[in-house]
Every structure is written in C-alpha cells, then in structure tokens.
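Participant: Got a structure for you, written out below as structure tokens; questions coming shortly.
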Amino acid sequence: MTSASDDWKRGVVYQIYPRSFQDSNGDGIGDLPGITSRLDYLQQLGVDLVWLSPVYASPQDDNGYDISDYRAIAPEFGTMADFEQMLAAMHARGIRLMMDLVVNHSSDEHEWFRQARSSRDNPYHDYYLWAEPKADGSPPNNWEAAFQGSVWEWNQATGEYYLHMFSRKQPDLNWENPRLRAEVYALMRFWLDKGVDGFRMDVINMISKPWAADGSLPDAPLVREGFLQPSFGMTCNGPRLLEFLREMRREVLDHYDTITVGEAPLATVQQGRDITHPETGALDMLFQFEHMDLDSVGGHVMGKWAARPLDLRELKRTMGRWQDELHGRGWNSLYLSNHDQPRPVSRFGDDGRYRVESAKMLATWLHGMQGTPYIYQGEELGMSNVAFERIEDYRDIESLNFHRVATTERGWTPEQALAAIHTKGRDNARTPMPWDGSDQAGFSSGRPWIALHPNAPEVNAAQALADPNSVFHYYRALIALRKQLPVLVAGRHELLLPGHEQLYAYLRCLDQQRLLVLCNFGAGELAVELPPEVATCQAERLIGNYPEAQPLALEGLRLRPYEALMCWLH
Ligand code: GLC
Ligand code: CA
C-alpha cells in the first residue's frame with residue numbers, strides 16, 4: 001500500500017529486543033554494535049526485515065517504551081553513529097529496518113511533558129491529557145492502568161490529574177491536538193529520512209480516546225472477574241482512530257516506501273480490514289490479539305494473569321476468521337511471540353520432551369498461513385519460558401507491579417503470584433539471547449541485566465547452527481519456502497475439521513495448486529481422518545518435523561506427537 005511494491009508480502013520479519021540481543025561492551029546490556037555484529041546470523045536465517053524494539057533516549061521505566069527524546073539514541077544502546085552503521089550494515093545485507101514508534105505516550109521525562117506539567121498556560125500543556133479531580137478529590141474516572149493502579153496521576157503544579165494507560169512515567173499524548181500530531185509526523189520523517197524502512201507502532205489503536213460531549217472520559221464498566229479493570233476496552237479503537245491514521249498516511253507514509261504494522265489490542269477483524277485496506281486504510285498490517293487472549297480467563301490484560309488451557313477449536317475460529325476476512329482486502333501479520341508474550345513452546349507446545357518437535361510444529365502452523373510471519377529473537381532456537389525462583393530475579397515493571405499488588409492488596413500468596421509470572425510474565429521472552437555454550441552464552445562478557453535461561457548451555461545458536469535438524473534450520477527452510485511458493489503468499493486459506501480438538505488442518509489454494517498443512521497440537525499419536533475430497537488425493541511432502549515416512553498416504557495417516565506436515569495435494 002504505502003510500499004512501492006508488494007515485495008514485503010513474501011518477507012519474514014525478525015524482532016530484536018535490543019537489551020537482550022548482544023552486548024558489545026561488557027556492561028551486561030545488549031546494544032547497537034552488538035546487533036551489527038550479529039547480522040550474518042540473521043542473513044543466514046533468511047529474514048528480510050528487522051523490527052527493532054525502542055532504542056531511543058529513555059529512563060527505561062518500561063525498557064524503552066517510555067521515550068524521553070524521539071530523535072536520540074539511549075547511551076546504553078550506543079550512539080547515532082552506531083545506529084547509522086547498523087542500518088547501513090542491514091541494508092548491505094538486503095535487510096530492511098522497522099523502528100518502534102511509541103506515540104500513544106511519551107516518557108514523563110520528555111521535554112514536552114516537563115513543560116506541560118509546569119503550568120496550565122504552557123504551550124505544551126495541551127500535548128497531554130488532563131482532568132480535574134472529582135469533588136472529593138478522587139481521580140476523574142475508574143480506569144485502571146496496564147501496570148496496576150489508577151490511570152490518573154496527580155500533578156501538583158497544575159492541580160490536575162494526567163492520564164497514563166501504562167506506568168505513571170508514561171503519560172498519554174493528546175492526539176486531539178493538531179500540533180502534537182504534526183510533531184509525531186515530523187519525528188517519523190526524521191527517521192525515514194535517515195533511511196529506515198518503516199515502523200511498528202506501539203498500541204497505536206489507543207491514540208483516540210472516547211471523549212464525552214462534556215469533555216470527560218466516561219467510567220469503564222466494572223468487571224471484577226479477572227484481575228484488572230478492562231480499561232483498555234475504553235481506549236482501543238476510539239472514534240477518531242482511522243481518521244488520525246489516514247492523516248498520518250497522507251502526511252508521512254505515502255511520501256516514502258514504507259512498511260508498517262500497528263499493534264492493536266482488542267482489534268476486531270472489521271477494524272483489521274478497515275485499517276489495512278490497501279486503498280482506504282492506513283497501515284500495511286496489524287498485530288491483532290485475539291489468538292493471544294484465548295488462554296486467559298478474562299481475555300486481554302484483565303485476565304492475563306488468570307491462565308486457562310487453550311481450546312484448539314477457538315484458535316481455529318479466531319485464526320480462520322482473520323485469514324478469511326482479510327484475504328484480498330487487507331493483510332495479516334502472523335505471530336506467536338514477541339517481547340510481551342511467553343514463549344510459544346511453553347505456552348502452546350511442550351518445552352520438555354518435545355521441545356524441538358513442538359517448536360517446529362508451531363512454526364509450520366504459523367508460516368503456512370497467509371500474512372507476514374514475525375519471528376521473535378530466540379523463537380528460532382525453540383527457547384522456552386524461564387522460572388526464576390525469586391521475584392528479585394525479575395525485571396519487568398508489569399510483573400513486579402502485579403506481584404506487589406496481587407500479594408499486598410488482592411490476597412494472592414507469593415507462590416501463586418510467582419506461578420502466574422512463570423506462565424505469563426514478559427521476562428520469559430527477555431532472557432538474553434544464548435549465542436553459544438560459554439559462560440554468559442556469548443551474550444556479554446559482564447553480568448547480564450537479567451539472568452540467562454538455565455538451559456543456555458544446551459539451547460543456543462552455535463548448537464543450532466551445527467545441528468542440521470535444529471529448530472533454526474527448520475525456520476530457515478520455512479522462510480525459503482515462502483520465497484519460492486506463491487501459494488504461501490497469495491493462496492486462499494481453507495480450514496478443515498474445525499471441530500477437532502487436537503488436529504489443526506488447513507489448505508492454501510491458488511489456481512490449481514493446493515497445499516495441505518497438518519499439525520498435531522498434542523503429545524499423543526493421532527489417527528487422521530480427513531474429509532474424503534482431501535483424503536483421496538495424492539500427497540507430496542514439502543516439509544515436516546519428523547523424518548520422512550515413506551510413502552506418504554493421507555488415508556490411514558497417523559501423526560506422531562506434535563508432528564507437522566506440509567504437502568502438495570495432487
Ligand atoms: C506495547 C509494548 C509493551 C509496552 C506497552 C507500553 O504493548 O509492546 O512492551 O509495555 O506497549 O508502551
Ligand atoms: Ca552494552
């Protein structure tokens with residue numbers, strides 16, 4: 001859409017969480033020169049794009065998702081020269097770069113906010129969202145923040161509250177203000193003029209708030225079944241969202257060759273279609289969350305900490321709907337992991353005996369679908385969740401705040417809170433990238449900012465590169481297939497056996513070509529009974545996660561634990 005060509009639709013994106021990728025100077029924190037030194041690895045994997053989590057100046061209250069200067073690099077990550085070198089080195093390898101654009105909120109240490117909070121007359125005051133206390137002095141409404149507590153923080157100097165959907169150090173920006181929007185567009189141009197190729201836009205569907213006619217923000221419905229109030233429900237997909245995004249497209253994106261993906265909690269498929277529609281939309285892709293919310297009691301955020309098992313039929317309904325509804329009129333992003341999510345093998349596979357098999361199965365399942373696949377660092381090694389024994393070993397503000405509030409205000413025992421963090425905490429994804437079997441896994445010569453995964457001596461990149469049957473080489477093969485096979489890019493998705501609780505089966509169809517994807521989501525063997533029009537076809541195996549069984553016959557087929565197969569139908 002905003003791209004000159006559709007080339008990126010054949011591409012695969014790799015997400016780098018800079019703090020945990022590669023440290024180059026021994027301070028225990030990953031950095032830009034570290035990334036540059038590892039680009040050959042990404043090239044070998046075959047990815048086309050990198051999404052880089054924030055590296056801007058930041059007090060790091062939320063690991064960089066709190067930006068104090070949008071045009072500067074945080075010193076712990078390096079310098080602007082380091083950034084430019086990294087970008088040039090990526091481009092030299094044919095890898096394009098998407099920056100993280102975090103403009104629903106800034107840091108409270110951003111100059112705009114320093115000014116804004118100083119007085120009501122300050123020209124920057126209207127860059128943020130303010131409200132008067134209620135008559136009794138209490139906050140303006142009942143919304144709760146993603147990282148616990150009220151979204152409202154008192155500002156003494158102006159005698160008002162300001163709004164923060166995340167931590168109190170992440171005040172929300174006022175998108176109703178055209179001057180603020182112009183600032184955002186200018187900073188986007190700054191990076192695009194430097195040569196970056198696009199943006200991943202942080203919680204971008206939260207920028208338009210649901211203002212009532214009297215200028216207030218109405219209370220959220222109180223639902224106490226989960227842990228948090230669902231205040232996200234009040235701010236996601238607000239009334240002016242599409243208008244703002246279209247303006248951004250007109251003002252900025254249409255003038256460059258860009259790739260864009262918007263993070264969109266609670267987005268519905270209709271919103272996905274509106275926003276990613278090539279002519280009338282604004283962004284190339286969305287990160288929708290429906291499939292990420294299926295194993296929580298209360299859905300997104302609210303019930304995040306109250307886990308429940310995934311029902312495969314629900315996953316089919318959800319993914320099938322996005323696949324079908326966006327076909328031909330929008331574009332999907334395909335992801336199972338990122339820096340906010342637990343590791344997929346632990347969550348949807350088996351991180352013990354079948355770690356390798358289930359990592360490959362999940363990859364087959366995801367990479368077989370229509371859309372642009374995203375790989376989060378370490379996913380290609382089959383990295384699993386980590387279970388630190390002490391809360392002191394955790395770093396993530398979300399987990400730490402949850403633990404404090406759960407144990408002091410909500411009656412959870414420390415063991416319960418820690419168990420929830422083991423299952424759902426974001427630090428699962430943030431342990432340092434294990435590069436080899438050495439002391440600090442080749443990540444750093446110093447002490448990493450967060451402990452390594454204890455399995456780093458076995459699960460690491462050097463091991464994976466050396467083993468032809470590794471998860472890494474399997475991902476490499478899947479990425480290569482996407483480049484070779486138009487059906488993977490353009491083919492229509494067709495779900496089979498929607499009611500089956502263990503087998504996920506679907507077709508991809510383009511012209512006369514039909515590709516079948518079969519995934520056993522269970523640790524038990526499975527006798528596969530496909531619909532007759534499929535079962536009677538000749539199958540020709542393309543890729544699978546077990547040694548080839550000769551010959552492949554769909555009738556009477558048995559799948560082994562977590563077995564996945566992709567095959568042509570003739
Ligand atoms: C997004 C980011 C997450 C961050 C939050 C606030 O969800 O992915 O890491 O904490 O927004 O910026
Ligand atoms: Ca460093």
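So you can find residues: chains in the structure tokens are A, B, ... in the order shown, residues in each start at 1, and ligands are numbered from 1 in order.
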Can you tell me, as a ChimeraX atom specification, what residues are no more than 7 Å from Gly330 in chain A when counting only C-alpha atoms, ignoring any on the same chain fewer than 6 positions away?

Facilitator: /A:273,276-278

Participant: Could you give me, as a tab-separated table, a per-residue list for chain A showing, wherever an atom lies at most 7 Å from an atom of ligand 2, the closest pair of atoms and their distance in Å to one decimal, using only C-alpha atoms and all ligand atoms and sorting by chain then residue number from low to high?

Facilitator:
```
residue	atom	partner	partner_atom_place_in_ligand_line	distance
A:Asp23	CA	ligand 2	1 (Ca)	4.3
A:Ser24	CA	ligand 2	1 (Ca)	5.2
A:Asn25	CA	ligand 2	1 (Ca)	4.8
A:Gly26	CA	ligand 2	1 (Ca)	5.8
A:Asp27	CA	ligand 2	1 (Ca)	4.9
A:Gly28	CA	ligand 2	1 (Ca)	5.7
A:Ile29	CA	ligand 2	1 (Ca)	4.2
A:Gly30	CA	ligand 2	1 (Ca)	4.7
A:Asp31	CA	ligand 2	1 (Ca)	4.8
A:Glu76	CA	ligand 2	1 (Ca)	6.0
A:Phe77	CA	ligand 2	1 (Ca)	6.3
```

Participant: Include C-alpha atoms and write out the residues we just selected as a JSON list (two decimals), in the first residue's frame.

Facilitator:
```json
[["chain", "number", "residue", "atom", "x", "y", "z"],
["A", 23, "ASP", "CA", 26.15, -6.82, 24.42],
["A", 24, "SER", "CA", 29.34, -5.46, 22.86],
["A", 25, "ASN", "CA", 30.98, -3.62, 25.76],
["A", 26, "GLY", "CA", 30.53, -5.85, 28.78],
["A", 27, "ASP", "CA", 28.01, -3.71, 30.67],
["A", 28, "GLY", "CA", 25.50, -6.57, 30.52],
["A", 29, "ILE", "CA", 23.09, -4.67, 28.27],
["A", 30, "GLY", "CA", 22.62, -5.51, 24.63],
["A", 31, "ASP", "CA", 23.43, -2.64, 22.27],
["A", 76, "GLU", "CA", 23.39, 2.33, 26.89],
["A", 77, "PHE", "CA", 22.47, 1.23, 23.36]]
```

Participant: Can I get the residues of chain A within 7 Å of ligand 1, each with the closest pair of atoms and their distance in Å to one decimal, using only C-alpha atoms and all ligand atoms, sorted chain first then ascending number, as a Markdown table?

Facilitator:
```
| residue | atom | partner | partner_atom_place_in_ligand_line | distance |
| --- | --- | --- | --- | --- |
| A:Asp62 | CA | ligand 1 | 10 (O) | 5.8 |
| A:Tyr65 | CA | ligand 1 | 12 (O) | 4.5 |
| A:Asp66 | CA | ligand 1 | 12 (O) | 6.6 |
| A:Val102 | CA | ligand 1 | 12 (O) | 6.5 |
| A:Phe166 | CA | ligand 1 | 6 (C) | 5.9 |
| A:Asp202 | CA | ligand 1 | 1 (C) | 5.2 |
| A:Val203 | CA | ligand 1 | 11 (O) | 5.4 |
| A:His339 | CA | ligand 1 | 9 (O) | 6.5 |
| A:Asp340 | CA | ligand 1 | 9 (O) | 5.5 |
```

Participant: Emit the selected residues as a PDB file, in the first residue's frame, including N, CA, C and O atoms.

Facilitator:
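Generated file (again31.pdb):
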```pdb
ATOM      1  N   ASP A  62      10.033   1.277  31.327  1.00  0.00           N
ATOM      2  CA  ASP A  62       9.406   0.135  30.654  1.00  0.00           C
ATOM      3  C   ASP A  62      10.332  -0.325  29.520  1.00  0.00           C
ATOM      4  O   ASP A  62       9.904  -0.535  28.398  1.00  0.00           O
ATOM      5  N   TYR A  65      10.051   1.680  26.215  1.00  0.00           N
ATOM      6  CA  TYR A  65       8.727   2.058  25.720  1.00  0.00           C
ATOM      7  C   TYR A  65       8.234   3.338  26.430  1.00  0.00           C
ATOM      8  O   TYR A  65       7.038   3.614  26.491  1.00  0.00           O
ATOM      9  N   ASP A  66       9.192   4.053  26.953  1.00  0.00           N
ATOM     10  CA  ASP A  66       8.948   5.340  27.602  1.00  0.00           C
ATOM     11  C   ASP A  66      10.054   6.267  27.090  1.00  0.00           C
ATOM     12  O   ASP A  66      11.176   6.230  27.565  1.00  0.00           O
ATOM     13  N   VAL A 102       6.604   4.751  19.346  1.00  0.00           N
ATOM     14  CA  VAL A 102       5.826   4.703  20.586  1.00  0.00           C
ATOM     15  C   VAL A 102       5.244   6.093  20.819  1.00  0.00           C
ATOM     16  O   VAL A 102       5.863   6.950  21.441  1.00  0.00           O
ATOM     17  N   PHE A 166      -0.363   3.224  30.828  1.00  0.00           N
ATOM     18  CA  PHE A 166       0.649   2.265  31.285  1.00  0.00           C
ATOM     19  C   PHE A 166       1.220   2.782  32.613  1.00  0.00           C
ATOM     20  O   PHE A 166       0.453   3.104  33.508  1.00  0.00           O
ATOM     21  N   ASP A 202       3.492   1.115  18.380  1.00  0.00           N
ATOM     22  CA  ASP A 202       3.107   0.658  19.711  1.00  0.00           C
ATOM     23  C   ASP A 202       1.673   1.070  20.056  1.00  0.00           C
ATOM     24  O   ASP A 202       1.318   2.245  19.913  1.00  0.00           O
ATOM     25  N   VAL A 203       0.898   0.128  20.556  1.00  0.00           N
ATOM     26  CA  VAL A 203      -0.515   0.360  20.937  1.00  0.00           C
ATOM     27  C   VAL A 203      -1.169   1.505  20.165  1.00  0.00           C
ATOM     28  O   VAL A 203      -1.806   2.387  20.739  1.00  0.00           O
ATOM     29  N   HIS A 339       8.181  -9.611  22.579  1.00  0.00           N
ATOM     30  CA  HIS A 339       8.796  -9.305  23.875  1.00  0.00           C
ATOM     31  C   HIS A 339       7.781  -9.194  25.012  1.00  0.00           C
ATOM     32  O   HIS A 339       8.175  -8.998  26.160  1.00  0.00           O
ATOM     33  N   ASP A 340       6.500  -9.262  24.691  1.00  0.00           N
ATOM     34  CA  ASP A 340       5.460  -9.170  25.722  1.00  0.00           C
ATOM     35  C   ASP A 340       4.819 -10.520  26.035  1.00  0.00           C
ATOM     36  O   ASP A 340       4.001 -10.617  26.944  1.00  0.00           O
TER      37      ASP A 340
END
```

Participant: Contacts of range 425-428 of chain A at 9 Å or less, counting only C-alpha atoms, minus same-chain residues fewer than 4 places along, as a VMD selection string?

Facilitator: chain A and resid 305 338 to 343 384 to 387 394 to 396 398 to 399 420 to 421 450 453

Participant: In range 7-65 of chain A, what's strand (DSSP E or B) per DSSP? Answer as a compact mmCIF listing (two decimals) with N, CA, C and O atoms, in the first residue's frame?

Facilitator:
```txt
# COMPACT_ATOMS: atom_id res chain seq x y z
N VAL A 13 9.73 -11.17 9.03
CA VAL A 13 10.29 -10.15 9.93
C VAL A 13 10.91 -10.83 11.16
O VAL A 13 10.35 -11.80 11.68
N TYR A 14 12.01 -10.29 11.60
CA TYR A 14 12.67 -10.77 12.82
C TYR A 14 12.66 -9.63 13.83
O TYR A 14 13.12 -8.53 13.52
N GLN A 15 12.13 -9.89 15.01
CA GLN A 15 12.11 -8.84 16.03
C GLN A 15 13.32 -8.94 16.94
O GLN A 15 13.62 -10.00 17.50
N ILE A 16 13.99 -7.81 17.10
CA ILE A 16 15.13 -7.72 18.03
C ILE A 16 14.72 -6.89 19.24
O ILE A 16 14.22 -5.77 19.11
N LEU A 49 13.38 -8.47 7.02
CA LEU A 49 13.14 -7.23 7.76
C LEU A 49 13.47 -7.46 9.22
O LEU A 49 13.32 -8.56 9.73
N VAL A 50 13.87 -6.37 9.86
CA VAL A 50 14.02 -6.40 11.31
C VAL A 50 13.07 -5.37 11.91
O VAL A 50 12.96 -4.26 11.39
N TRP A 51 12.36 -5.77 12.94
CA TRP A 51 11.65 -4.80 13.79
C TRP A 51 12.50 -4.68 15.04
O TRP A 51 12.72 -5.67 15.73
N LEU A 52 12.95 -3.47 15.29
CA LEU A 52 13.81 -3.19 16.43
C LEU A 52 12.99 -2.52 17.52
O LEU A 52 12.46 -1.43 17.33
N TYR A 56 15.57 4.47 21.64
CA TYR A 56 15.64 5.92 21.84
C TYR A 56 16.00 6.26 23.29
O TYR A 56 15.86 5.42 24.18
N ALA A 57 16.39 7.53 23.47
CA ALA A 57 16.67 8.02 24.82
C ALA A 57 15.46 7.75 25.70
O ALA A 57 14.32 8.01 25.31
```

Participant: Here is a test: counting only C-alpha atoms, which residue of A:Thr36, A:Gln512, A:Leu552, A:Glu325 is nearest to Asp82 in chain A?

Facilitator: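 Closest to Asp82 in chain A of all the choices is A:Thr36.
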
Participant: Need to verify the contact set: Glu415 in chain A, 12 Å, only C-alpha atoms, exclusion of same-chain residues closer than 3 positions in sequence. Can you return it as number ranges by chain?

Facilitator: A: 387-391, 403, 406-407, 411-412, 418-422
